[in-house]
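> File name upload.txt; file contents compact mmCIF, C-alpha atoms; full text below.
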# COMPACT_ATOMS: atom_id res chain seq x y z
CA MET D 1 9.50 1.83 -16.36
CA GLN D 2 13.16 0.87 -16.60
CA ASP D 3 14.02 -2.40 -18.37
CA ALA D 4 10.37 -3.27 -18.92
CA LEU D 5 9.17 -6.44 -20.63
CA THR D 6 7.01 -5.44 -23.60
CA ILE D 7 4.56 -7.93 -25.10
CA ALA D 8 2.03 -7.01 -27.77
CA GLY D 9 2.63 -3.33 -27.14
CA LYS D 10 2.11 -3.40 -23.37
CA SER D 11 4.93 -3.05 -20.86
CA TYR D 12 5.36 -5.01 -17.63
CA GLN D 13 7.76 -4.52 -14.77
CA SER D 14 7.82 -8.20 -13.75
CA ARG D 15 9.43 -10.80 -16.01
CA LEU D 16 7.88 -13.68 -14.09
CA LEU D 17 4.61 -15.13 -15.45
CA VAL D 18 2.72 -17.54 -13.20
CA GLY D 19 0.06 -20.18 -13.78
CA THR D 20 -3.01 -20.81 -11.66
CA GLY D 21 -3.33 -24.60 -11.65
CA LYS D 22 -2.54 -27.27 -9.02
CA TYR D 23 -2.88 -25.06 -5.94
CA ARG D 24 -4.81 -26.20 -2.87
CA ASP D 25 -7.54 -23.66 -3.50
CA PHE D 26 -8.11 -20.26 -5.08
CA GLN D 27 -6.99 -18.45 -1.93
CA GLN D 28 -3.59 -20.13 -2.02
CA THR D 29 -3.41 -19.28 -5.71
CA ALA D 30 -4.03 -15.62 -4.92
CA ASP D 31 -1.45 -15.59 -2.11
CA ALA D 32 1.23 -17.16 -4.32
CA LEU D 33 0.56 -14.76 -7.18
CA ASP D 34 0.84 -11.85 -4.79
CA ALA D 35 4.16 -13.10 -3.42
CA SER D 36 5.55 -13.65 -6.93
CA GLY D 37 5.07 -10.04 -7.95
CA CYS D 38 3.86 -11.24 -11.34
CA GLU D 39 1.66 -9.13 -13.60
CA ILE D 40 0.69 -11.73 -16.21
CA VAL D 41 -1.33 -14.72 -14.97
CA THR D 42 -2.05 -17.68 -17.20
CA VAL D 43 -5.32 -19.60 -16.86
CA ALA D 44 -6.37 -22.89 -18.47
CA ILE D 45 -9.77 -22.21 -20.01
CA ARG D 46 -10.63 -25.91 -20.15
CA ARG D 47 -9.80 -26.49 -16.47
CA VAL D 48 -10.45 -23.29 -14.52
CA ASN D 49 -13.83 -21.65 -14.02
CA LEU D 50 -13.84 -18.06 -15.24
CA GLY D 51 -17.60 -17.84 -15.28
CA GLN D 52 -18.40 -20.51 -17.82
CA THR D 53 -19.70 -22.82 -15.04
CA ALA D 54 -22.39 -21.15 -12.97
CA GLY D 55 -22.55 -21.93 -9.25
CA GLU D 56 -18.88 -22.93 -8.91
CA PRO D 57 -16.05 -20.81 -7.44
CA ASN D 58 -14.77 -18.33 -9.98
CA LEU D 59 -11.03 -17.64 -10.11
CA LEU D 60 -11.67 -14.05 -11.16
CA ASP D 61 -13.21 -13.36 -7.75
CA PHE D 62 -9.74 -13.85 -6.24
CA LEU D 63 -7.74 -11.84 -8.79
CA PRO D 64 -7.94 -8.03 -8.76
CA LYS D 65 -8.82 -7.02 -12.32
CA ASN D 66 -6.70 -3.87 -12.15
CA ARG D 67 -3.58 -5.78 -11.10
CA TYR D 68 -3.19 -8.76 -13.42
CA THR D 69 -3.24 -9.29 -17.16
CA LEU D 70 -4.95 -12.61 -17.81
CA LEU D 71 -3.33 -14.98 -20.28
CA PRO D 72 -5.86 -17.65 -21.32
CA ASN D 73 -4.13 -20.83 -22.47
CA THR D 74 -5.06 -23.99 -24.33
CA ALA D 75 -3.70 -26.55 -21.86
CA GLY D 76 -5.22 -29.93 -22.59
CA CYS D 77 -5.68 -29.32 -26.32
CA TYR D 78 -4.30 -31.88 -28.77
CA SER D 79 -5.35 -30.37 -32.08
CA ALA D 80 -5.30 -26.99 -33.76
CA ASP D 81 -9.08 -26.98 -34.01
CA ASP D 82 -9.52 -27.56 -30.25
CA ALA D 83 -6.98 -24.85 -29.42
CA VAL D 84 -8.61 -22.27 -31.70
CA ARG D 85 -12.08 -23.11 -30.38
CA THR D 86 -10.87 -22.76 -26.79
CA LEU D 87 -9.35 -19.33 -27.35
CA ARG D 88 -12.42 -18.08 -29.17
CA LEU D 89 -14.37 -19.03 -26.04
CA ALA D 90 -11.84 -17.16 -23.90
CA ARG D 91 -12.30 -14.07 -26.04
CA GLU D 92 -16.04 -14.20 -25.41
CA LEU D 93 -15.71 -14.84 -21.66
CA LEU D 94 -13.18 -12.06 -21.17
CA ASP D 95 -14.81 -9.31 -23.25
CA ASP D 96 -12.83 -9.52 -26.50
CA HIS D 97 -9.53 -10.35 -24.77
CA ARG D 98 -6.79 -10.83 -27.40
CA LEU D 99 -3.58 -11.80 -25.54
CA VAL D 100 -3.44 -15.61 -25.37
CA LYS D 101 -1.03 -18.48 -24.85
CA LEU D 102 -1.20 -21.20 -27.47
CA GLU D 103 -0.08 -24.73 -26.68
CA VAL D 104 -1.03 -27.81 -28.68
CA LEU D 105 0.20 -31.04 -27.14
CA GLY D 106 1.20 -34.16 -29.01
CA ASP D 107 1.28 -36.84 -26.34
CA PRO D 108 -0.63 -37.15 -23.04
CA ASN D 109 2.30 -38.88 -21.33
CA ASN D 110 5.11 -36.42 -22.01
CA LEU D 111 3.02 -33.34 -22.97
CA TYR D 112 5.52 -32.49 -25.70
CA PRO D 113 4.21 -29.94 -28.20
CA ASN D 114 2.79 -31.03 -31.55
CA MET D 115 4.54 -28.49 -33.74
CA ARG D 116 2.55 -29.17 -36.92
CA GLU D 117 -0.72 -28.46 -35.11
CA THR D 118 0.84 -25.56 -33.21
CA LEU D 119 1.89 -23.85 -36.44
CA LYS D 120 -1.55 -24.44 -37.95
CA ALA D 121 -3.34 -22.97 -34.93
CA ALA D 122 -0.96 -20.01 -34.77
CA GLU D 123 -1.72 -19.07 -38.37
CA THR D 124 -5.47 -19.09 -37.73
CA LEU D 125 -5.29 -17.16 -34.47
CA VAL D 126 -2.98 -14.45 -35.81
CA LYS D 127 -5.27 -13.96 -38.81
CA GLU D 128 -8.21 -13.56 -36.40
CA GLY D 129 -6.44 -10.76 -34.53
CA PHE D 130 -5.18 -12.61 -31.46
CA ASP D 131 -1.85 -11.68 -29.85
CA VAL D 132 -0.33 -15.14 -29.63
CA MET D 133 2.32 -16.16 -27.13
CA VAL D 134 3.24 -19.67 -28.20
CA TYR D 135 4.60 -22.73 -26.38
CA THR D 136 7.07 -24.55 -28.57
CA SER D 137 9.82 -27.13 -28.64
CA ASP D 138 13.39 -25.85 -28.39
CA ASP D 139 13.79 -26.19 -32.16
CA PRO D 140 15.21 -22.91 -33.54
CA ILE D 141 13.64 -23.50 -36.97
CA ALA D 142 10.14 -23.97 -35.54
CA ALA D 143 10.65 -20.91 -33.34
CA ARG D 144 11.58 -18.81 -36.36
CA GLU D 145 8.55 -20.02 -38.29
CA LEU D 146 6.24 -19.10 -35.41
CA GLU D 147 7.72 -15.60 -35.30
CA GLN D 148 7.31 -15.26 -39.07
CA ILE D 149 3.63 -16.21 -38.73
CA GLY D 150 3.24 -13.26 -36.36
CA CYS D 151 3.37 -14.65 -32.82
CA CYS D 152 4.18 -11.90 -30.32
CA ALA D 153 6.31 -14.08 -28.02
CA ILE D 154 8.11 -17.41 -28.38
CA MET D 155 8.05 -19.76 -25.37
CA PRO D 156 10.39 -22.74 -25.74
CA LEU D 157 10.32 -25.47 -23.12
CA ALA D 158 13.23 -25.89 -20.72
CA SER D 159 12.22 -29.52 -20.24
CA LEU D 160 8.93 -31.43 -20.13
CA ILE D 161 5.91 -29.77 -18.52
CA GLY D 162 5.81 -30.46 -14.79
CA SER D 163 9.11 -32.36 -14.81
CA GLY D 164 11.13 -29.88 -12.77
CA MET D 165 14.25 -30.93 -14.70
CA GLY D 166 15.37 -27.40 -15.48
CA ILE D 167 17.01 -26.25 -18.71
CA LEU D 168 18.27 -29.37 -20.49
CA ASN D 169 19.45 -27.74 -23.73
CA PRO D 170 20.83 -24.25 -23.12
CA TRP D 171 22.52 -24.21 -26.54
CA ASN D 172 19.28 -24.49 -28.48
CA LEU D 173 17.70 -21.94 -26.19
CA GLN D 174 20.50 -19.48 -26.96
CA LEU D 175 20.07 -20.08 -30.71
CA ILE D 176 16.41 -19.15 -30.38
CA ILE D 177 17.24 -16.05 -28.32
CA GLU D 178 19.92 -14.84 -30.76
CA GLN D 179 17.65 -15.00 -33.82
CA ALA D 180 14.41 -13.73 -32.24
CA ASN D 181 12.97 -10.27 -32.75
CA VAL D 182 10.18 -10.87 -30.24
CA PRO D 183 10.41 -11.77 -26.53
CA VAL D 184 11.61 -15.29 -25.71
CA LEU D 185 10.36 -16.76 -22.44
CA VAL D 186 11.24 -20.10 -20.88
CA ASP D 187 8.09 -22.16 -20.45
CA ALA D 188 7.86 -25.59 -18.77
CA GLY D 189 10.33 -27.63 -16.78
CA VAL D 190 11.50 -25.08 -14.22
CA GLY D 191 11.90 -26.81 -10.86
CA THR D 192 13.50 -24.33 -8.52
CA ALA D 193 14.85 -20.80 -8.30
CA SER D 194 18.26 -21.58 -9.82
CA ASP D 195 16.56 -22.87 -13.00
CA ALA D 196 14.75 -19.55 -13.41
CA ALA D 197 17.95 -17.60 -12.79
CA ILE D 198 19.85 -19.63 -15.39
CA GLY D 199 17.20 -18.97 -18.00
CA MET D 200 17.39 -15.25 -17.38
CA GLU D 201 21.21 -15.29 -17.36
CA LEU D 202 21.14 -16.90 -20.81
CA GLY D 203 19.22 -13.88 -22.07
CA CYS D 204 15.59 -14.96 -21.91
CA ASP D 205 13.13 -12.10 -21.58
CA GLY D 206 11.06 -13.87 -18.95
CA VAL D 207 10.02 -17.15 -17.38
CA LEU D 208 6.59 -18.76 -17.12
CA MET D 209 5.98 -21.40 -14.47
CA ASN D 210 3.22 -23.12 -12.54
CA THR D 211 4.12 -26.50 -11.04
CA ALA D 212 7.44 -25.30 -9.61
CA ILE D 213 5.49 -22.97 -7.32
CA ALA D 214 2.21 -24.84 -6.84
CA ALA D 215 3.87 -28.19 -6.05
CA ALA D 216 6.41 -26.75 -3.59
CA GLN D 217 5.97 -27.58 0.09
CA ASP D 218 5.44 -23.86 0.68
CA PRO D 219 4.07 -22.36 -2.55
CA VAL D 220 3.98 -18.79 -1.27
CA ARG D 221 7.60 -18.85 -0.16
CA MET D 222 8.64 -20.50 -3.43
CA ALA D 223 6.80 -17.81 -5.36
CA ARG D 224 8.83 -15.20 -3.53
CA ALA D 225 12.04 -17.12 -4.29
CA MET D 226 11.16 -17.24 -7.98
CA LYS D 227 10.57 -13.51 -8.04
CA LEU D 228 14.05 -12.89 -6.66
CA ALA D 229 15.64 -15.47 -8.96
CA VAL D 230 14.20 -13.90 -12.10
CA GLU D 231 15.32 -10.46 -10.96
CA ALA D 232 18.82 -11.70 -10.10
CA GLY D 233 19.17 -13.57 -13.38
CA ARG D 234 18.13 -10.52 -15.36
CA GLU D 235 20.59 -8.30 -13.49
CA ALA D 236 23.40 -10.80 -14.06
CA HIS D 237 22.61 -10.93 -17.78
CA LEU D 238 22.64 -7.16 -18.09
CA ALA D 239 25.82 -6.88 -16.04
CA GLY D 240 27.70 -9.34 -18.26
CA ARG D 241 29.49 -12.19 -16.56
CA MET D 242 33.28 -12.46 -16.37
CA PRO D 243 34.92 -14.68 -19.00
CA ARG D 244 35.51 -18.30 -18.08
CA ARG D 245 39.14 -19.36 -17.68
CA PHE D 246 39.51 -23.11 -17.95
CA TYR D 247 43.28 -23.51 -17.75
CA SER D 248 44.57 -20.63 -15.66
CA ALA D 249 43.61 -18.76 -12.54
CA THR D 250 43.64 -15.03 -11.98
CA PRO D 251 43.96 -13.66 -8.44
CA SER D 252 41.11 -11.47 -7.34
CA SER D 253 43.53 -9.02 -5.69
CA PRO D 254 46.30 -7.22 -7.63
CA LEU D 255 49.89 -8.36 -7.11
CA GLU D 256 51.47 -4.91 -7.39
CA GLY D 257 52.70 -3.57 -4.07
CA VAL D 258 52.54 -6.91 -2.28
CA ILE D 259 54.90 -6.98 0.70
CA SER D 260 57.60 -9.55 0.10
CA SER D 261 58.22 -12.19 2.73
CA ARG D 262 61.93 -12.43 1.77
CA LYS D 263 64.45 -10.76 4.06
CA GLY D 264 66.92 -8.36 2.46
Using the file provided, produce a representation of the structure as structure tokens.


Amino acid sequence: MQDALTIAGKSYQSRLLVGTGKYRDFQQTADALDASGCEIVTVAIRRVNLGQTAGEPNLLDFLPKNRYTLLPNTAGCYSADDAVRTLRLARELLDDHRLVKLEVLGDPNNLYPNMRETLKAAETLVKEGFDVMVYTSDDPIAARELEQIGCCAIMPLASLIGSGMGILNPWNLQLIIEQANVPVLVDAGVGTASDAAIGMELGCDGVLMNTAIAAAQDPVRMARAMKLAVEAGREAHLAGRMPRRFYSATPSSPLEGVISSRKG
């Protein structure tokens, strides 16, 4: 696999991670995931039935087990204890599954992460053998501390969850990318394909999104657009953009050999 994304020792061809909430139904969820080309699918254990509620539709019935890596998350948790308890449940439901996404929120209105509780939960989960991908603020110091604890991927927000505002602080995001020795993925705030492309152009290893696809007028088409945007952004990053020139222009065609309009 060329240019694979490697998380917790496993490689993935797609750098787009997609959530499973807010769709019309599980069938639309499955169709959007298929169009996105994603390989990692995040599921909110507290909100989606994975078998813990008998007699209700089970998301796993719509997701081929041999195609997707499930990423249980702690959406809706506001304390370290709740987050740890939720992921222990996920491990039981999914046969000792270890790859998880940790998020501990601090406010129900803006859904901004509570970093003190996030750090506390991360320490516990890493000690218990979980591979922790962690949602964080765009604070480079907090990101470094989470990596030092042992998190396998750092996931700073672009802007508030579900806001669709795109990347509001690219400078902090670049600071996190430059210091990290684990994958850095944009998480939260992506609104459209150009936001995903910008994140990848900055050097992010991947992008995780949910609302940007699920809340689109045509989720399946938007999922396809996001796939292409992530691929284009990654290619542009690897290619290396031309330098910006703020005070002078450079013609795109060489001047040598230009036929003069002056008469001899």

> Point out the residue among D:Asn110, D:Thr136, D:Thr118, D:Thr29 with the least atom-to-atom distance to Asp82 in chain D, counting all atoms listed in the file.

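Of D:Asn110, D:Thr136, D:Thr118, D:Thr29, the one nearest Asp82 in chain D, counting all atoms listed in the file, is D:Thr118.
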
> Which is closest to Ala8 in chain D among D:Leu94, D:Ala83, D:Val207, D:Val100, if we use all atoms listed in the file?

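Going through D:Leu94, D:Ala83, D:Val207, D:Val100 one by one, the smallest distance to Ala8 in chain D is for D:Val100.
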
> Name all residues at most 12 Å from Ala196 in chain D (count only C-alpha atoms; drop same-chain ones fewer than 4 positions away) and give them as a compact mmCIF listing (two decimals) with C-alpha atoms, in the frame of the given file.


# COMPACT_ATOMS: atom_id res chain seq x y z
CA ARG D 15 9.43 -10.80 -16.01
CA LEU D 16 7.88 -13.68 -14.09
CA LEU D 17 4.61 -15.13 -15.45
CA ALA D 158 13.23 -25.89 -20.72
CA GLY D 164 11.13 -29.88 -12.77
CA MET D 165 14.25 -30.93 -14.70
CA GLY D 166 15.37 -27.40 -15.48
CA ILE D 167 17.01 -26.25 -18.71
CA LEU D 185 10.36 -16.76 -22.44
CA VAL D 186 11.24 -20.10 -20.88
CA ASP D 187 8.09 -22.16 -20.45
CA ALA D 188 7.86 -25.59 -18.77
CA GLY D 189 10.33 -27.63 -16.78
CA VAL D 190 11.50 -25.08 -14.22
CA GLY D 191 11.90 -26.81 -10.86
CA THR D 192 13.50 -24.33 -8.52
CA MET D 200 17.39 -15.25 -17.38
CA GLU D 201 21.21 -15.29 -17.36
CA LEU D 202 21.14 -16.90 -20.81
CA GLY D 203 19.22 -13.88 -22.07
CA CYS D 204 15.59 -14.96 -21.91
CA ASP D 205 13.13 -12.10 -21.58
CA GLY D 206 11.06 -13.87 -18.95
CA VAL D 207 10.02 -17.15 -17.38
CA LEU D 208 6.59 -18.76 -17.12
CA MET D 209 5.98 -21.40 -14.47
CA ALA D 212 7.44 -25.30 -9.61
CA ILE D 213 5.49 -22.97 -7.32
CA MET D 222 8.64 -20.50 -3.43
CA ALA D 223 6.80 -17.81 -5.36
CA ALA D 225 12.04 -17.12 -4.29
CA MET D 226 11.16 -17.24 -7.98
CA LYS D 227 10.57 -13.51 -8.04
CA LEU D 228 14.05 -12.89 -6.66
CA ALA D 229 15.64 -15.47 -8.96
CA VAL D 230 14.20 -13.90 -12.10
CA GLU D 231 15.32 -10.46 -10.96
CA ALA D 232 18.82 -11.70 -10.10
CA GLY D 233 19.17 -13.57 -13.38
CA ARG D 234 18.13 -10.52 -15.36

> Can you measure CA of Cys38 in chain D to CA of Leu70 in chain D for me? One decimal in Å is fine.

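Between these atoms lies a distance of 11.0 Å.
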
> Choose the residue, out of D:Gln174, D:Ser163, D:Thr211, D:Gln27, that has the smallest atom-to-atom separation from Asp139 in chain D; count all atoms listed in the file.

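Using all atoms listed in the file, the shortest distance to Asp139 in chain D belongs to D:Gln174.
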
> Could you please determine the separation between CA of Ala215 in chain D and CA of Lys22 in chain D in Å, to one decimal place?

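Separation between CA of Ala215 in chain D and CA of Lys22 in chain D: 7.1 Å.
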
> Which residues are close to Gly21 in chain D, i.e. within 12 Å by all atoms listed in the file, leaving aside same-chain residues fewer than 3 positions away? Reply as a count of residues only.

30

> Work out how far apart CA of Pro170 in chain D and CA of Asp138 in chain D are and give it in Å to one decimal.

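Computing the Euclidean distance for CA of Pro170 in chain D and CA of Asp138 in chain D yields 9.3 Å.
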
> So which one's closest to Asn181 in chain D, D:Pro57, D:Pro108, D:Gly150, D:Pro72? Using only C-alpha atoms, please.

D:Gly150
